[in-house]
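Student: I'm passing along protein35.cif; it holds mmCIF, C-alpha atoms.
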```cif
data_entry
#
loop_
_atom_site.label_atom_id
_atom_site.label_comp_id
_atom_site.auth_asym_id
_atom_site.auth_seq_id
_atom_site.Cartn_x
_atom_site.Cartn_y
_atom_site.Cartn_z
CA MET P 1 101.24 141.42 78.72
CA SER P 2 97.57 140.98 79.53
CA LEU P 3 95.97 137.58 79.06
CA PHE P 4 92.82 139.26 77.71
CA ASN P 5 92.91 140.48 74.12
CA PHE P 6 89.86 142.10 72.62
CA GLY P 7 91.28 141.95 69.08
CA ASP P 8 91.20 139.10 66.62
CA SER P 9 93.32 136.72 68.78
CA VAL P 10 91.61 134.41 71.27
CA SER P 11 92.34 134.57 74.99
CA PRO P 12 94.04 131.47 76.50
CA ILE P 13 91.39 131.56 79.22
CA SER P 14 88.27 131.90 77.09
CA GLY P 15 89.40 129.96 74.03
CA PRO P 16 87.97 126.53 73.12
CA PRO P 17 89.98 123.38 74.00
CA SER P 18 92.63 122.44 71.50
CA ALA P 19 92.75 119.17 69.59
CA LEU P 20 95.47 117.93 71.95
CA GLU P 21 93.32 118.70 75.00
CA TYR P 22 90.39 116.85 73.42
CA ALA P 23 92.66 113.87 72.76
CA ASN P 24 94.01 113.90 76.32
CA ASP P 25 90.47 114.00 77.69
CA ARG P 26 89.40 111.05 75.54
CA ILE P 27 92.48 109.06 76.55
CA PHE P 28 91.87 109.77 80.24
CA ARG P 29 88.20 108.78 79.94
CA GLY P 30 89.17 105.60 78.14
CA ILE P 31 91.75 104.66 80.79
CA SER P 32 89.21 105.36 83.55
CA TRP P 33 86.51 103.22 81.92
CA ALA P 34 89.00 100.43 81.20
CA SER P 35 90.26 100.46 84.80
CA ALA P 36 86.74 100.31 86.19
CA PHE P 37 85.84 97.48 83.82
CA MET P 38 89.01 95.56 84.76
CA VAL P 39 88.16 95.79 88.47
CA ILE P 40 84.65 94.46 87.83
CA ALA P 41 85.97 91.75 85.50
CA LEU P 42 88.62 90.67 88.01
CA THR P 43 86.04 90.44 90.80
CA ALA P 44 83.71 88.42 88.57
CA PHE P 45 86.58 86.13 87.55
CA ILE P 46 87.53 85.47 91.19
CA LEU P 47 83.92 84.69 92.10
CA TRP P 48 83.59 82.42 89.05
CA GLU P 49 86.76 80.45 89.84
CA VAL P 50 85.97 80.05 93.54
CA GLY P 51 82.34 79.19 92.79
CA ARG P 52 83.31 76.70 90.06
CA GLN P 53 85.66 74.80 92.36
CA ALA P 54 83.22 75.01 95.28
CA ALA P 55 80.23 73.79 93.22
CA PRO P 56 80.67 70.05 94.01
CA ALA P 57 80.76 70.79 97.76
CA VAL P 58 77.79 73.16 97.46
CA TYR P 59 75.72 70.44 95.77
CA ALA P 60 76.92 67.74 98.19
CA TYR P 61 76.49 69.57 101.52
CA GLY P 62 74.13 72.48 100.83
CA LEU P 63 73.21 74.56 103.85
CA ASP P 64 74.37 71.81 106.21
CA PHE P 65 77.87 73.04 105.48
CA ILE P 66 77.02 76.43 107.02
CA THR P 67 75.14 75.03 110.02
CA GLY P 68 77.45 72.08 110.70
CA THR P 69 79.99 72.13 113.52
CA GLU P 70 82.32 69.26 112.59
CA TRP P 71 85.29 69.32 110.22
CA ASN P 72 86.50 65.74 109.79
CA VAL P 73 88.10 64.67 106.53
CA ASN P 74 88.08 60.97 107.43
CA LYS P 75 84.32 61.01 107.99
CA GLY P 76 83.67 63.33 105.06
CA ALA P 77 81.91 65.74 107.43
CA PHE P 78 82.45 69.44 106.81
CA GLY P 79 80.80 72.28 108.70
CA VAL P 80 81.97 75.86 109.21
CA LEU P 81 79.57 77.29 111.79
CA PRO P 82 82.35 77.51 114.45
CA GLU P 83 84.59 79.26 111.91
CA ILE P 84 81.83 81.72 110.99
CA TRP P 85 81.31 82.40 114.70
CA GLY P 86 85.04 82.87 115.28
CA THR P 87 85.37 85.16 112.26
CA LEU P 88 82.52 87.45 113.32
CA TYR P 89 83.30 87.32 117.05
CA SER P 90 87.00 88.14 116.69
CA SER P 91 86.29 90.85 114.11
CA LEU P 92 83.61 92.52 116.24
CA LEU P 93 85.85 92.47 119.31
CA ALA P 94 88.70 93.94 117.29
CA LEU P 95 86.40 96.57 115.78
CA ALA P 96 85.14 97.59 119.22
CA LEU P 97 88.70 98.10 120.50
CA GLY P 98 90.38 99.34 117.32
CA GLY P 99 87.44 101.53 116.37
CA LEU P 100 87.23 103.18 119.79
CA PHE P 101 90.94 103.89 120.01
CA GLY P 102 91.15 104.86 116.33
CA ILE P 103 88.43 107.50 116.70
CA ALA P 104 89.97 108.73 119.96
CA ILE P 105 93.37 109.08 118.28
CA ALA P 106 91.81 110.96 115.36
CA ILE P 107 90.14 113.40 117.78
CA PHE P 108 93.43 113.86 119.62
CA LEU P 109 95.33 114.57 116.40
CA THR P 110 92.82 116.92 114.75
CA GLN P 111 91.07 118.89 117.50
CA ASP P 112 93.95 121.13 118.60
CA PHE P 113 95.14 119.04 121.53
CA ILE P 114 98.71 119.15 120.20
CA HIS P 115 100.59 121.26 117.66
CA HIS P 116 99.86 120.28 114.07
CA ARG P 117 103.52 119.43 113.35
CA LEU P 118 103.61 117.05 116.28
CA SER P 119 100.32 115.54 115.14
CA LEU P 120 101.95 114.72 111.79
CA VAL P 121 104.69 112.83 113.63
CA PHE P 122 102.16 110.84 115.66
CA ARG P 123 100.09 110.10 112.56
CA THR P 124 103.16 108.83 110.71
CA VAL P 125 104.07 106.55 113.61
CA ILE P 126 100.53 105.15 113.76
CA GLU P 127 100.38 104.56 110.01
CA MET P 128 103.68 102.69 110.20
CA LEU P 129 101.80 99.94 112.06
CA ALA P 130 100.11 99.10 108.76
CA ALA P 131 103.50 98.25 107.24
CA ILE P 132 104.30 95.56 109.83
CA PRO P 133 103.73 92.04 108.38
CA SER P 134 100.97 90.07 110.04
CA VAL P 135 103.34 87.20 110.84
CA VAL P 136 105.38 89.62 112.97
CA PHE P 137 102.22 90.53 114.88
CA GLY P 138 101.60 86.83 115.35
CA LEU P 139 105.07 86.20 116.78
CA TRP P 140 104.74 89.24 119.04
CA GLY P 141 101.41 87.91 120.27
CA ILE P 142 102.83 84.45 121.01
CA TYR P 143 105.98 85.48 122.84
CA ILE P 144 104.91 88.74 124.49
CA LEU P 145 101.15 89.31 124.54
CA ILE P 146 99.98 85.87 125.70
CA PRO P 147 102.42 85.75 128.68
CA LEU P 148 101.28 89.26 129.63
CA LEU P 149 97.61 88.30 129.49
CA LYS P 150 97.87 85.03 131.40
CA PRO P 151 98.00 86.43 135.00
CA GLY P 152 95.03 88.72 134.39
CA ALA P 153 93.12 85.96 132.61
CA GLU P 154 93.70 83.55 135.50
CA TRP P 155 92.48 86.14 138.02
CA LEU P 156 89.37 86.91 135.98
CA HIS P 157 88.60 83.22 135.60
CA ASP P 158 89.09 82.58 139.32
CA GLN P 159 86.97 85.54 140.41
CA PHE P 160 84.33 85.70 137.67
CA GLY P 161 84.36 82.21 136.17
CA TRP P 162 80.55 82.16 136.36
CA PHE P 163 80.44 84.92 133.74
CA PRO P 164 80.40 83.51 130.17
CA LEU P 165 83.18 85.80 128.94
CA PHE P 166 85.59 84.43 131.57
CA SER P 167 84.30 80.87 131.86
CA THR P 168 87.57 79.27 130.70
CA ASP P 169 91.23 79.87 131.46
CA LEU P 170 93.81 81.16 128.98
CA ALA P 171 96.06 78.15 128.42
CA GLY P 172 97.76 79.61 125.34
CA PRO P 173 96.39 80.89 122.03
CA GLY P 174 92.81 82.05 122.29
CA MET P 175 90.23 84.63 121.32
CA ALA P 176 91.53 87.45 123.56
CA PRO P 177 95.11 87.66 122.19
CA ALA P 178 93.83 87.22 118.64
CA ALA P 179 91.27 90.02 119.02
CA LEU P 180 93.81 92.37 120.66
CA VAL P 181 96.35 91.86 117.87
CA LEU P 182 93.60 92.25 115.28
CA ALA P 183 92.54 95.53 116.92
CA ILE P 184 96.10 96.84 116.65
CA MET P 185 96.22 95.81 112.99
CA ILE P 186 93.03 97.69 112.03
CA LEU P 187 93.90 100.73 114.17
CA PRO P 188 95.91 102.56 111.44
CA THR P 189 93.08 102.16 108.93
CA VAL P 190 90.41 103.50 111.27
CA ALA P 191 92.59 106.34 112.57
CA ALA P 192 93.83 107.52 109.15
CA ILE P 193 90.40 107.63 107.49
CA THR P 194 88.81 109.27 110.54
CA VAL P 195 91.54 111.93 110.57
CA ASP P 196 90.78 112.69 106.91
CA ALA P 197 87.07 112.90 107.73
CA PHE P 198 87.73 115.51 110.42
CA HIS P 199 90.06 117.46 108.13
CA ARG P 200 87.29 117.78 105.51
CA ILE P 201 85.14 119.74 107.97
CA PRO P 202 85.67 123.51 107.62
CA TYR P 203 87.17 125.06 110.75
CA LYS P 204 84.34 127.61 110.75
CA VAL P 205 81.95 124.84 111.81
CA LYS P 206 83.74 124.49 115.14
CA GLU P 207 84.07 128.25 115.47
CA ALA P 208 80.31 128.55 115.00
CA ALA P 209 79.79 125.95 117.72
CA TYR P 210 82.02 127.95 120.07
CA GLY P 211 80.05 131.04 119.14
CA MET P 212 76.86 129.30 120.26
CA GLY P 213 78.40 128.82 123.71
CA THR P 214 79.46 125.16 123.57
CA THR P 215 82.38 123.83 125.55
CA ARG P 216 85.32 122.20 123.80
CA TRP P 217 84.04 118.66 124.30
CA GLU P 218 80.48 119.63 123.39
CA ALA P 219 81.78 121.07 120.12
CA ILE P 220 83.74 117.88 119.43
CA LEU P 221 81.15 115.29 120.43
CA LYS P 222 77.95 117.10 119.42
CA VAL P 223 79.14 118.94 116.30
CA MET P 224 82.38 117.59 114.85
CA VAL P 225 81.76 113.87 115.35
CA PRO P 226 78.20 113.88 113.88
CA THR P 227 79.40 115.99 110.95
CA ALA P 228 82.22 113.52 110.23
CA SER P 229 80.03 110.48 110.92
CA SER P 230 79.90 109.30 107.30
CA GLY P 231 83.71 109.22 107.11
CA ILE P 232 83.94 107.55 110.53
CA LEU P 233 81.50 104.85 109.42
CA ALA P 234 83.52 104.31 106.26
CA ALA P 235 86.63 103.86 108.42
CA LEU P 236 84.85 101.33 110.63
CA VAL P 237 83.53 99.37 107.63
CA LEU P 238 87.00 99.21 106.07
CA GLY P 239 88.51 98.21 109.39
CA PHE P 240 85.89 95.48 109.83
CA GLY P 241 86.57 94.18 106.34
CA ARG P 242 90.30 94.14 107.11
CA ALA P 243 89.61 92.14 110.26
CA LEU P 244 87.38 89.62 108.48
CA GLY P 245 90.11 88.71 106.00
CA GLU P 246 93.13 88.60 108.32
CA THR P 247 94.87 85.24 108.12
CA MET P 248 98.38 84.65 109.46
CA ALA P 249 98.17 86.48 112.78
CA LEU P 250 94.88 84.79 113.66
CA ALA P 251 96.11 81.38 112.50
CA MET P 252 99.00 81.76 114.98
CA LEU P 253 97.03 83.21 117.90
CA ILE P 254 93.43 82.02 117.90
CA GLY P 255 94.11 78.35 118.67
CA ASN P 256 92.47 76.68 115.63
CA ALA P 257 89.84 74.90 117.74
CA ASN P 258 86.57 73.88 116.07
CA GLN P 259 84.21 75.12 118.81
CA ILE P 260 81.74 77.86 119.63
CA SER P 261 82.27 79.71 122.90
CA LEU P 262 81.62 83.14 124.35
CA SER P 263 84.73 82.94 126.51
CA LEU P 264 87.46 85.40 125.64
CA PHE P 265 90.12 82.93 126.74
CA SER P 266 89.02 79.82 124.87
CA PRO P 267 90.63 78.82 121.54
CA ALA P 268 88.57 79.23 118.39
CA ASN P 269 88.98 79.33 114.62
CA THR P 270 88.15 81.60 111.68
CA LEU P 271 87.40 80.98 108.04
CA ALA P 272 90.61 82.66 106.89
CA SER P 273 92.82 80.73 109.32
CA LEU P 274 91.04 77.48 108.38
CA LEU P 275 91.92 78.11 104.73
CA ALA P 276 95.53 79.00 105.52
CA SER P 277 96.20 76.06 107.84
CA THR P 278 94.37 73.34 105.87
CA PHE P 279 95.03 74.06 102.18
CA PRO P 280 98.69 72.88 101.98
CA GLU P 281 97.81 69.25 102.85
CA ALA P 282 94.23 69.12 101.56
CA GLY P 283 93.02 66.42 99.19
CA GLN P 284 90.57 66.97 96.36
CA LEU P 285 87.47 66.50 98.50
CA GLU P 286 88.75 68.86 101.19
CA VAL P 287 89.83 71.44 98.60
CA GLN P 288 86.25 71.60 97.34
CA ALA P 289 85.01 72.10 100.91
CA LEU P 290 87.64 74.79 101.50
CA MET P 291 86.53 76.59 98.35
CA TYR P 292 83.00 76.50 99.72
CA ALA P 293 84.35 78.06 102.93
CA ALA P 294 86.09 80.73 100.85
CA LEU P 295 82.78 81.43 99.11
CA VAL P 296 81.10 81.84 102.52
CA LEU P 297 83.83 84.28 103.58
CA LEU P 298 83.37 86.30 100.39
CA ALA P 299 79.62 86.40 101.00
CA ILE P 300 80.10 87.64 104.58
CA THR P 301 82.51 90.34 103.41
CA PHE P 302 80.08 91.42 100.67
CA LEU P 303 77.15 91.61 103.09
CA VAL P 304 79.20 93.62 105.59
CA ASN P 305 80.18 96.14 102.91
CA VAL P 306 76.62 96.45 101.62
CA LEU P 307 75.29 96.98 105.14
CA GLY P 308 78.04 99.53 105.78
CA GLN P 309 77.13 101.43 102.63
CA LEU P 310 73.46 101.52 103.62
CA VAL P 311 74.27 102.80 107.10
CA GLN P 312 76.67 105.35 105.65
CA GLN P 313 74.08 106.65 103.19
CA TYR P 314 71.54 106.97 106.02
CA THR P 315 74.09 108.88 108.09
CA ILE P 316 74.88 111.23 105.21
CA ARG P 317 71.18 112.02 104.73
CA LYS P 318 70.61 112.49 108.46
CA PHE P 319 73.61 114.62 109.41
CA GLU P 320 74.78 116.16 106.13
CA GLY P 321 71.44 116.61 104.34
CA LYS P 322 72.65 115.01 101.09
#
```
Mind converting the file's structure to structure tokens?

Tutor:
Amino acid sequence: MSLFNFGDSVSPISGPPSALEYANDRIFRGISWASAFMVIALTAFILWEVGRQAAPAVYAYGLDFITGTEWNVNKGAFGVLPEIWGTLYSSLLALALGGLFGIAIAIFLTQDFIHHRLSLVFRTVIEMLAAIPSVVFGLWGIYILIPLLKPGAEWLHDQFGWFPLFSTDLAGPGMAPAALVLAIMILPTVAAITVDAFHRIPYKVKEAAYGMGTTRWEAILKVMVPTASSGILAALVLGFGRALGETMALAMLIGNANQISLSLFSPANTLASLLASTFPEAGQLEVQALMYAALVLLAITFLVNVLGQLVQQYTIRKFEGK
């Protein structure tokens, strides 16, 4: 029976929405608006609670808290500049490694280097890394990664100790093992989102590049990567945000030393690991200072996401014309 009826009855295709469809649409819109409002309200509530508890420390220490380098409860001196340095330094190192390998893996899985069924297997294995608890990564770093890095770190320090990156020896936990583990932890995020960005590009784009006489790598690096650049940047921003907030693995591997150093082998500290390691035994005064540190970490994360959005919008306008 034909769906089109030119008589008195109305076609199911051309007929107006029914009352039930109108009701379903209103319900869906209401749920969507309520969900969006709840996310905004939850974020505002978290900021309010953290800010309220941090207010005494904000009034007491001001900007000296951000520029100070000493954390001593007995003296009442609190400064988080070494933790800010450690947070940004470890996250940038992890982003450089995890971002590079994540993009390379995405190219390998999407640009016809292997059969698509095999690429699904590899992608599943990579995404399984995201399900491993961070404390397991920390234990792996302590018992396996640090002993593996020590011989190479000693050689680099002996041969190139004059260079700031190798100016100290790796005695145990330090920046290098923490950054390597952090890079592995953000790798699934970067790789998965970059793979999706490449999959959104029509295959005809690469065919057109081949038709213009490009080689395989020219098509990938000069056509596919710029076209997927907005998605790649989104992957890097999310990976960077994941690195900024990582706690347990860094608390176990970075050394928890209140110092600023360029050396990859020296111990350091981060804001997240400071919060995790200090909160259980903190008194009222230190809790207020820790809440101030949490507020600083939230501000850094917010600024990173805003900057990432601006760069992403610029990339979309430049390469996608939107």

Student: Which residue out of P:Leu253, P:Ala36, P:Met175, P:Ala60 has the minimum interatomic distance to Gly86 in chain P when only C-alpha atoms are used?

Tutor: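 Comparing P:Leu253, P:Ala36, P:Met175, P:Ala60 against Gly86 in chain P, the winner is P:Met175.
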
Student: Within 6 Å of (98.2, 86.7, 111.1) (file coordinates; all atoms listed in the file), which protein or nucleic acid residues are there? I'd like them as an mmCIF file with C-alpha atoms, in the coordinates of the input.

Tutor:
```
data_model
loop_
_atom_site.group_PDB
_atom_site.id
_atom_site.type_symbol
_atom_site.label_atom_id
_atom_site.label_comp_id
_atom_site.auth_asym_id
_atom_site.auth_seq_id
_atom_site.Cartn_x
_atom_site.Cartn_y
_atom_site.Cartn_z
ATOM 1 C CA SER P 134 100.970 90.070 110.040
ATOM 2 C CA VAL P 135 103.340 87.200 110.840
ATOM 3 C CA GLY P 138 101.600 86.830 115.350
ATOM 4 C CA THR P 247 94.870 85.240 108.120
ATOM 5 C CA MET P 248 98.380 84.650 109.460
ATOM 6 C CA ALA P 249 98.170 86.480 112.780
ATOM 7 C CA LEU P 250 94.880 84.790 113.660
ATOM 8 C CA ALA P 251 96.110 81.380 112.500
#
```

Student: For a test of reading the model, state the distance in Å between CA of Val125 in chain P and CA of Gly231 in chain P, rounded to one decimal.

Tutor: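 We find that CA of Val125 in chain P and CA of Gly231 in chain P lie 21.5 Å from each other.
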
Student: Figure out the distance between CA of Thr270 in chain P and CA of Leu244 in chain P, please, to one decimal in Å.

Tutor: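 Calculated distance between CA of Leu244 in chain P and CA of Thr270 in chain P is 8.7 Å.
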
Student: Report as an mmCIF file with C-alpha atoms, in the frame of the given file the residues that result from applying the PyMOL selection byres ((chain P and resi 294) around 12) to the structure here.

Tutor:
```cif
data_model
loop_
_atom_site.group_PDB
_atom_site.id
_atom_site.type_symbol
_atom_site.label_atom_id
_atom_site.label_comp_id
_atom_site.auth_asym_id
_atom_site.auth_seq_id
_atom_site.Cartn_x
_atom_site.Cartn_y
_atom_site.Cartn_z
ATOM 1 C CA ILE P 46 87.530 85.470 91.190
ATOM 2 C CA LEU P 47 83.920 84.690 92.100
ATOM 3 C CA GLU P 49 86.760 80.450 89.840
ATOM 4 C CA VAL P 50 85.970 80.050 93.540
ATOM 5 C CA GLY P 51 82.340 79.190 92.790
ATOM 6 C CA ARG P 52 83.310 76.700 90.060
ATOM 7 C CA GLN P 53 85.660 74.800 92.360
ATOM 8 C CA ALA P 54 83.220 75.010 95.280
ATOM 9 C CA ALA P 55 80.230 73.790 93.220
ATOM 10 C CA ALA P 57 80.760 70.790 97.760
ATOM 11 C CA VAL P 58 77.790 73.160 97.460
ATOM 12 C CA ILE P 66 77.020 76.430 107.020
ATOM 13 C CA VAL P 80 81.970 75.860 109.210
ATOM 14 C CA GLU P 83 84.590 79.260 111.910
ATOM 15 C CA ILE P 84 81.830 81.720 110.990
ATOM 16 C CA LEU P 244 87.380 89.620 108.480
ATOM 17 C CA GLY P 245 90.110 88.710 106.000
ATOM 18 C CA THR P 270 88.150 81.600 111.680
ATOM 19 C CA LEU P 271 87.400 80.980 108.040
ATOM 20 C CA ALA P 272 90.610 82.660 106.890
ATOM 21 C CA SER P 273 92.820 80.730 109.320
ATOM 22 C CA LEU P 274 91.040 77.480 108.380
ATOM 23 C CA LEU P 275 91.920 78.110 104.730
ATOM 24 C CA ALA P 276 95.530 79.000 105.520
ATOM 25 C CA PHE P 279 95.030 74.060 102.180
ATOM 26 C CA VAL P 287 89.830 71.440 98.600
ATOM 27 C CA GLN P 288 86.250 71.600 97.340
ATOM 28 C CA ALA P 289 85.010 72.100 100.910
ATOM 29 C CA LEU P 290 87.640 74.790 101.500
ATOM 30 C CA MET P 291 86.530 76.590 98.350
ATOM 31 C CA TYR P 292 83.000 76.500 99.720
ATOM 32 C CA ALA P 293 84.350 78.060 102.930
ATOM 33 C CA LEU P 295 82.780 81.430 99.110
ATOM 34 C CA VAL P 296 81.100 81.840 102.520
ATOM 35 C CA LEU P 297 83.830 84.280 103.580
ATOM 36 C CA LEU P 298 83.370 86.300 100.390
ATOM 37 C CA ALA P 299 79.620 86.400 101.000
ATOM 38 C CA ILE P 300 80.100 87.640 104.580
ATOM 39 C CA THR P 301 82.510 90.340 103.410
#
```

Student: Using only C-alpha atoms, give me every residue within 12 Å of (97.0, 115.9, 114.8) in file coordinates, as a VMD selection string.

Tutor: chain P and resid 104 to 126 191 to 192 194 to 196 198 to 199

Student: Which residues come within 8 Å of range 67-79 of chain P, counting all atoms listed in the file, excluding same-chain residues fewer than 5 positions away, as a list in words?

Tutor: Tyr61, Asn258, Gln259, Glu286 and Ala289 of chain P

Student: Can you list what the PyMOL selection byres ((chain P and resi 307) around 12) grabs from this structure, as a PyMOL selection string?

Tutor: chain P and resi 233-234+236-238+240-241+300-306+308-314

Student: Would you list the contacts of range 206-211 of chain P as an MDAnalysis selection string, taking every protein, DNA or RNA residue within 10 Å and counting only C-alpha atoms, but skipping same-chain residues closer than 2 positions in sequence?

Tutor: chainID P and resid 111 201:204 213:216 218:220 222:224

Student: Specify as a ChimeraX atom specification each residue included when the PyMOL selection byres ((chain P and resi 181) around 12) is applied to this file.

Tutor: /P:90-91,93-95,97-98,129,132,134-142,144-146,173-180,182-187,243,246-254

Student: Measuring atom to atom with only C-alpha atoms, identify which of P:Ala235, P:Leu88, P:Ala44, P:Leu264 is nearest to Glu154 in chain P.

Tutor: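 Of P:Ala235, P:Leu88, P:Ala44, P:Leu264, the one nearest Glu154 in chain P is P:Leu264, counting only C-alpha atoms.
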
Student: What are the centre and the three edge lengths of an axis-aligned box that wraps all atoms of range 280-292 of chain P in the file, given that 6 Å is added to every side, written as lines of an AutoDock Vina configuration file and rounded to one decimal in Å?

Tutor:
```
center_x = 90.8
center_y = 71.5
center_z = 99.6
size_x = 27.7
size_y = 22.2
size_z = 18.5
```

Student: Nearest residue to Pro164 in chain P out of P:Ser263, P:Asn269, P:Thr43, P:Ser35, using all atoms listed in the file?

Tutor: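 Closest candidate: P:Ser263.
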
Student: Could you state the separation of CA of Pro267 in chain P and CA of Pro147 in chain P in Å, given to one decimal place?

Tutor: 15.4 Å
